[in-house]
>>> print(open('my_file29.pdb').read())   # PDB, C-alpha atoms, pLDDT in the B column
ATOM      1  CA  MET Z   1      36.866  24.996  -7.275  1.00 65.00           C
ATOM      2  CA  ASN Z   2      34.663  25.368 -10.370  1.00 77.00           C
ATOM      3  CA  GLU Z   3      35.962  22.053 -11.718  1.00 83.00           C
ATOM      4  CA  GLU Z   4      34.984  20.289  -8.474  1.00 79.00           C
ATOM      5  CA  ARG Z   5      31.541  21.851  -8.561  1.00 73.00           C
ATOM      6  CA  LEU Z   6      31.082  20.787 -12.193  1.00 77.00           C
ATOM      7  CA  GLN Z   7      32.116  17.210 -11.366  1.00 80.00           C
ATOM      8  CA  ALA Z   8      29.770  17.137  -8.346  1.00 77.00           C
ATOM      9  CA  THR Z   9      26.904  18.393 -10.530  1.00 77.00           C
ATOM     10  CA  GLU Z  10      27.581  15.749 -13.162  1.00 83.00           C
ATOM     11  CA  GLN Z  11      27.747  13.052 -10.478  1.00 82.00           C
ATOM     12  CA  LEU Z  12      24.417  14.236  -9.030  1.00 80.00           C
ATOM     13  CA  GLN Z  13      22.829  14.155 -12.500  1.00 81.00           C
ATOM     14  CA  ARG Z  14      24.036  10.578 -13.033  1.00 85.00           C
ATOM     15  CA  GLU Z  15      22.701   9.491  -9.648  1.00 83.00           C
ATOM     16  CA  LEU Z  16      19.332  11.162 -10.229  1.00 81.00           C
ATOM     17  CA  GLY Z  17      19.112   9.631 -13.719  1.00 82.00           C
ATOM     18  CA  ALA Z  18      19.591   6.113 -12.350  1.00 87.00           C
ATOM     19  CA  LEU Z  19      17.405   6.571  -9.298  1.00 90.00           C
ATOM     20  CA  THR Z  20      14.414   4.290  -8.706  1.00 92.00           C
ATOM     21  CA  ALA Z  21      12.182   3.369  -5.797  1.00 92.00           C
ATOM     22  CA  THR Z  22      10.391   0.100  -5.116  1.00 94.00           C
ATOM     23  CA  VAL Z  23       7.035   0.178  -3.337  1.00 93.00           C
ATOM     24  CA  GLU Z  24       4.575  -2.519  -2.362  1.00 93.00           C
ATOM     25  CA  HIS Z  25       0.868  -1.675  -2.466  1.00 93.00           C
ATOM     26  CA  PRO Z  26      -0.770  -1.609   0.988  1.00 91.00           C
ATOM     27  CA  ASN Z  27      -2.769  -4.735   0.090  1.00 91.00           C
ATOM     28  CA  SER Z  28       0.512  -6.584  -0.752  1.00 91.00           C
ATOM     29  CA  MET Z  29      -0.857  -7.631  -4.153  1.00 93.00           C
ATOM     30  CA  CYS Z  30       1.473  -5.507  -6.310  1.00 95.00           C
ATOM     31  CA  THR Z  31       5.082  -4.304  -6.193  1.00 95.00           C
ATOM     32  CA  VAL Z  32       6.420  -1.641  -8.552  1.00 95.00           C
ATOM     33  CA  THR Z  33       9.872  -0.201  -9.160  1.00 96.00           C
ATOM     34  CA  ALA Z  34       9.623   3.227 -10.813  1.00 94.00           C
ATOM     35  CA  SER Z  35      11.786   6.217 -11.673  1.00 92.00           C
ATOM     36  CA  PRO Z  36      11.001   9.806 -10.661  1.00 88.00           C
ATOM     37  CA  LYS Z  37       9.727  10.306 -14.228  1.00 87.00           C
ATOM     38  CA  GLY Z  38       7.127   7.569 -13.735  1.00 87.00           C
ATOM     39  CA  GLU Z  39       8.932   4.972 -15.834  1.00 92.00           C
ATOM     40  CA  ILE Z  40       8.047   1.479 -14.668  1.00 94.00           C
ATOM     41  CA  LYS Z  41      11.259  -0.508 -14.242  1.00 94.00           C
ATOM     42  CA  ALA Z  42       9.689  -3.607 -12.677  1.00 96.00           C
ATOM     43  CA  LEU Z  43       6.186  -4.843 -11.915  1.00 96.00           C
ATOM     44  CA  HIS Z  44       5.164  -7.858  -9.852  1.00 96.00           C
ATOM     45  CA  LEU Z  45       1.526  -8.914  -9.457  1.00 95.00           C
ATOM     46  CA  HIS Z  46       0.325 -11.422  -6.909  1.00 93.00           C
ATOM     47  CA  PRO Z  47      -1.671 -14.202  -8.643  1.00 93.00           C
ATOM     48  CA  ALA Z  48      -4.656 -13.560  -6.360  1.00 93.00           C
ATOM     49  CA  LEU Z  49      -4.949 -10.019  -7.754  1.00 92.00           C
ATOM     50  CA  LEU Z  50      -5.513 -11.383 -11.258  1.00 91.00           C
ATOM     51  CA  ASN Z  51      -8.630 -13.203 -10.010  1.00 92.00           C
ATOM     52  CA  GLN Z  52     -10.221  -9.878  -8.997  1.00 92.00           C
ATOM     53  CA  GLY Z  53     -10.786  -8.677 -12.546  1.00 91.00           C
ATOM     54  CA  ALA Z  54      -9.256  -6.151 -14.910  1.00 93.00           C
ATOM     55  CA  ARG Z  55     -10.637  -3.080 -13.137  1.00 93.00           C
ATOM     56  CA  ALA Z  56      -9.116  -4.103  -9.780  1.00 92.00           C
ATOM     57  CA  VAL Z  57      -5.784  -4.940 -11.422  1.00 93.00           C
ATOM     58  CA  GLY Z  58      -5.716  -1.582 -13.199  1.00 93.00           C
ATOM     59  CA  GLN Z  59      -6.570   0.339 -10.041  1.00 93.00           C
ATOM     60  CA  VAL Z  60      -3.979  -1.425  -7.878  1.00 93.00           C
ATOM     61  CA  VAL Z  61      -1.240  -1.098 -10.522  1.00 94.00           C
ATOM     62  CA  THR Z  62      -2.017   2.595 -11.076  1.00 93.00           C
ATOM     63  CA  GLU Z  63      -1.979   3.328  -7.341  1.00 92.00           C
ATOM     64  CA  THR Z  64       1.265   1.419  -6.834  1.00 93.00           C
ATOM     65  CA  VAL Z  65       2.975   3.168  -9.770  1.00 93.00           C
ATOM     66  CA  ARG Z  66       1.921   6.525  -8.284  1.00 91.00           C
ATOM     67  CA  LEU Z  67       3.286   5.537  -4.854  1.00 91.00           C
ATOM     68  CA  ALA Z  68       6.572   4.288  -6.344  1.00 92.00           C
ATOM     69  CA  THR Z  69       6.979   7.408  -8.497  1.00 91.00           C
ATOM     70  CA  ASN Z  70       6.288   9.658  -5.494  1.00 89.00           C
ATOM     71  CA  ALA Z  71       8.834   7.717  -3.446  1.00 90.00           C
ATOM     72  CA  ALA Z  72      11.439   8.061  -6.224  1.00 90.00           C
ATOM     73  CA  VAL Z  73      10.776  11.795  -6.520  1.00 87.00           C
ATOM     74  CA  GLN Z  74      11.114  12.138  -2.743  1.00 87.00           C
ATOM     75  CA  VAL Z  75      14.440  10.273  -2.780  1.00 87.00           C
ATOM     76  CA  SER Z  76      15.658  12.598  -5.545  1.00 85.00           C
ATOM     77  CA  PHE Z  77      14.649  15.657  -3.473  1.00 81.00           C
ATOM     78  CA  ASN Z  78      16.526  14.173  -0.500  1.00 83.00           C
ATOM     79  CA  LYS Z  79      19.657  13.552  -2.613  1.00 83.00           C
ATOM     80  CA  MET Z  80      19.529  17.112  -3.961  1.00 80.00           C
ATOM     81  CA  ALA Z  81      19.210  18.519  -0.450  1.00 79.00           C
ATOM     82  CA  LEU Z  82      22.256  16.507   0.672  1.00 80.00           C
ATOM     83  CA  ALA Z  83      24.322  17.518  -2.347  1.00 77.00           C
ATOM     84  CA  LEU Z  84      23.233  21.137  -2.756  1.00 76.00           C
ATOM     85  CA  GLY Z  85      22.194  22.095   0.735  1.00 78.00           C
ATOM     86  CA  ASP Z  86      18.796  22.850   2.171  1.00 76.00           C
ATOM     87  CA  GLY Z  87      18.682  26.397   0.808  1.00 79.00           C
ATOM     88  CA  MET Z  88      19.122  25.283  -2.792  1.00 76.00           C
ATOM     89  CA  ALA Z  89      16.711  22.377  -2.297  1.00 73.00           C
ATOM     90  CA  ILE Z  90      14.085  24.825  -1.037  1.00 76.00           C
ATOM     91  CA  ASP Z  91      14.679  26.986  -4.126  1.00 78.00           C
ATOM     92  CA  VAL Z  92      14.263  23.949  -6.401  1.00 74.00           C
ATOM     93  CA  GLU Z  93      11.107  22.979  -4.532  1.00 74.00           C
ATOM     94  CA  SER Z  94       9.688  26.480  -4.981  1.00 76.00           C
ATOM     95  CA  ILE Z  95      10.101  26.077  -8.756  1.00 77.00           C
ATOM     96  CA  ALA Z  96       9.185  22.386  -9.132  1.00 73.00           C
ATOM     97  CA  GLY Z  97       6.527  22.267  -6.420  1.00 70.00           C
ATOM     98  CA  ASP Z  98       6.497  20.552  -3.056  1.00 67.00           C
ATOM     99  CA  SER Z  99       8.067  17.149  -2.688  1.00 66.00           C
ATOM    100  CA  PRO Z 100       5.436  14.378  -2.727  1.00 68.00           C
ATOM    101  CA  PHE Z 101       5.676  13.534   0.946  1.00 62.00           C
ATOM    102  CA  ARG Z 102       5.569  17.188   1.999  1.00 58.00           C
ATOM    103  CA  SER Z 103       2.503  17.897  -0.141  1.00 52.00           C
ATOM    104  CA  THR Z 104       0.542  14.924   1.219  1.00 52.00           C
ATOM    105  CA  TRP Z 105       1.572  15.163   4.863  1.00 46.00           C
ATOM    106  CA  ASN Z 106      -0.398  17.605   6.969  1.00 40.00           C
ATOM    107  CA  PRO Z 107       0.639  17.640  10.621  1.00 39.00           C
ATOM    108  CA  VAL Z 108      -2.219  19.932  11.626  1.00 36.00           C
ATOM    109  CA  VAL Z 109      -5.600  18.556  10.709  1.00 42.00           C
ATOM    110  CA  PRO Z 110      -8.381  20.879  11.810  1.00 43.00           C
ATOM    111  CA  PRO Z 111     -10.940  19.065  13.897  1.00 47.00           C
ATOM    112  CA  GLU Z 112     -14.386  18.676  12.436  1.00 54.00           C
ATOM    113  CA  ALA Z 113     -16.959  20.955  13.980  1.00 52.00           C
ATOM    114  CA  PRO Z 114     -19.251  18.928  16.210  1.00 53.00           C
ATOM    115  CA  ALA Z 115     -22.879  18.753  15.195  1.00 54.00           C
ATOM    116  CA  GLU Z 116     -25.224  20.837  17.264  1.00 57.00           C
ATOM    117  CA  GLN Z 117     -26.351  18.768  20.195  1.00 58.00           C
ATOM    118  CA  ALA Z 118     -28.519  19.416  23.153  1.00 60.00           C
ATOM    119  CA  PRO Z 119     -26.478  19.748  26.323  1.00 62.00           C
ATOM    120  CA  PRO Z 120     -26.385  16.530  28.325  1.00 63.00           C
ATOM    121  CA  GLU Z 121     -28.976  16.237  31.029  1.00 68.00           C
ATOM    122  CA  ARG Z 122     -27.523  17.132  34.408  1.00 67.00           C
ATOM    123  CA  ARG Z 123     -28.062  14.642  37.160  1.00 69.00           C
ATOM    124  CA  GLN Z 124     -28.248  15.529  40.801  1.00 71.00           C
ATOM    125  CA  ARG Z 125     -25.380  14.224  42.880  1.00 67.00           C
ATOM    126  CA  ALA Z 126     -26.121  12.014  45.802  1.00 68.00           C
ATOM    127  CA  PRO Z 127     -25.581  13.840  49.070  1.00 69.00           C
ATOM    128  CA  ARG Z 128     -22.177  13.200  50.655  1.00 65.00           C
ATOM    129  CA  ALA Z 129     -22.215  11.051  53.697  1.00 64.00           C
ATOM    130  CA  GLU Z 130     -20.538  12.650  56.672  1.00 64.00           C
ATOM    131  CA  ASP Z 131     -17.348  10.858  57.620  1.00 58.00           C
ATOM    132  CA  ALA Z 132     -16.561  10.993  61.293  1.00 58.00           C
ATOM    133  CA  ASP Z 133     -12.876  10.278  60.560  1.00 56.00           C
ATOM    134  CA  ASP Z 134     -12.340  13.345  58.288  1.00 55.00           C
ATOM    135  CA  ASP Z 135     -10.798  15.415  61.039  1.00 57.00           C
ATOM    136  CA  ALA Z 136      -8.863  12.570  62.641  1.00 57.00           C
ATOM    137  CA  PHE Z 137      -5.997  13.144  60.204  1.00 55.00           C
ATOM    138  CA  PHE Z 138      -5.603  16.778  61.187  1.00 55.00           C
ATOM    139  CA  ASP Z 139      -6.051  16.096  64.896  1.00 60.00           C
ATOM    140  CA  ASN Z 140      -2.908  13.962  64.980  1.00 58.00           C
ATOM    141  CA  PRO Z 141      -0.047  16.345  65.979  1.00 58.00           C
ATOM    142  CA  SER Z 142       2.605  14.087  64.413  1.00 58.00           C
ATOM    143  CA  TRP Z 143       1.175  14.881  60.966  1.00 53.00           C
ATOM    144  CA  LEU Z 144       1.433  18.641  61.439  1.00 54.00           C
ATOM    145  CA  ARG Z 145       5.243  18.859  61.331  1.00 53.00           C
TER     146      ARG Z 145
END
>>> encode(input="my_file29.pdb", output="structure tokens")
Amino acid sequence: MNEERLQATEQLQRELGALTATVEHPNSMCTVTASPKGEIKALHLHPALLNQGARAVGQVVTETVRLATNAAVQVSFNKMALALGDGMAIDVESIAGDSPFRSTWNPVVPPEAPAEQAPPERRQRAPRAEDADDDAFFDNPSWLR
């Protein structure tokens, strides 16, 4: 049993060591493959991005590397949870910090407090016209069954 556990741990370490994630920037101008450690394994820049200047290139590359690294870290958390179980993954997360997608996803966003406004002006309703047929429905005995 201990030998199997040791082999499974070594296998998990190998898988996590080779793990990468590839992400395309939302503007489709840059694609990065990165490891959970932030190592850039591949970088592809769209030629149109290069025409936007060094600052734009740097910003897009930095953002895409961050997204790819976060995705790789998330995949590693998912692999650990599958291999070790949710309980152990939660323990690891309590030591290492929340997984990237958990720390950036907030399902409950408090609504912004509305600015103080004067209540809307109330309009008078037009008087209801009397309808001579209102009681015709109830006067029909076949409807009363």
>>> closest_residue(input="my_file29.pdb", among="Z:Gln124, Z:Leu84, Z:Val73, Z:Ser94", to="Ala8 of chain Z", atoms="only C-alpha atoms")
Z:Leu84
>>> resolve_selection(input="my_file29.pdb", expression="the PyMOL selection byres ((chain Z and resi 20) around 8)", output="list in words")
Ala18, Leu19, Ala21, Thr22, Thr33, Ala34, Ser35, Pro36, Lys41 and Ala72 of chain Z
>>> atom_distance(input="my_file29.pdb", atom1="atom CA of Gly87 of chain Z", atom2="atom CA of Lys37 of chain Z")
23.8 Å
>>> atom_distance(input="my_file29.pdb", atom1="atom CA of Met29 of chain Z", atom2="atom CA of Leu45 of chain Z")
6.0 Å
>>> resolve_selection(input="my_file29.pdb", expression="the PyMOL selection byres ((chain Z and resi 26) around 12)", output="PDB file with C-alpha atoms, keeping the file's coordinate frame")
ATOM      1  CA  VAL Z  23       7.035   0.178  -3.337  1.00 93.00           C
ATOM      2  CA  GLU Z  24       4.575  -2.519  -2.362  1.00 93.00           C
ATOM      3  CA  HIS Z  25       0.868  -1.675  -2.466  1.00 93.00           C
ATOM      4  CA  ASN Z  27      -2.769  -4.735   0.090  1.00 91.00           C
ATOM      5  CA  SER Z  28       0.512  -6.584  -0.752  1.00 91.00           C
ATOM      6  CA  MET Z  29      -0.857  -7.631  -4.153  1.00 93.00           C
ATOM      7  CA  CYS Z  30       1.473  -5.507  -6.310  1.00 95.00           C
ATOM      8  CA  THR Z  31       5.082  -4.304  -6.193  1.00 95.00           C
ATOM      9  CA  VAL Z  32       6.420  -1.641  -8.552  1.00 95.00           C
ATOM     10  CA  VAL Z  60      -3.979  -1.425  -7.878  1.00 93.00           C
ATOM     11  CA  VAL Z  61      -1.240  -1.098 -10.522  1.00 94.00           C
ATOM     12  CA  GLU Z  63      -1.979   3.328  -7.341  1.00 92.00           C
ATOM     13  CA  THR Z  64       1.265   1.419  -6.834  1.00 93.00           C
ATOM     14  CA  LEU Z  67       3.286   5.537  -4.854  1.00 91.00           C
ATOM     15  CA  ALA Z  68       6.572   4.288  -6.344  1.00 92.00           C
TER      16      ALA Z  68
END
>>> closest_residue(input="my_file29.pdb", among="Z:Ser76, Z:Arg66, Z:Asp91, Z:Ala83", to="Leu16 of chain Z", atoms="only C-alpha atoms")
Z:Ser76
>>> resolve_selection(input="my_file29.pdb", expression="the PyMOL selection byres ((chain Z and resi 77) around 10)", output="list in words")
Leu16, Pro36, Ala71, Ala72, Val73, Gln74, Val75, Ser76, Asn78, Lys79, Met80, Ala81, Leu82, Ala83, Ala89, Ile90, Val92, Glu93, Asp98, Ser99 and Pro100 of chain Z
>>> atom_distance(input="my_file29.pdb", atom1="atom CA of Thr69 of chain Z", atom2="atom CA of Ala54 of chain Z")
22.1 Å
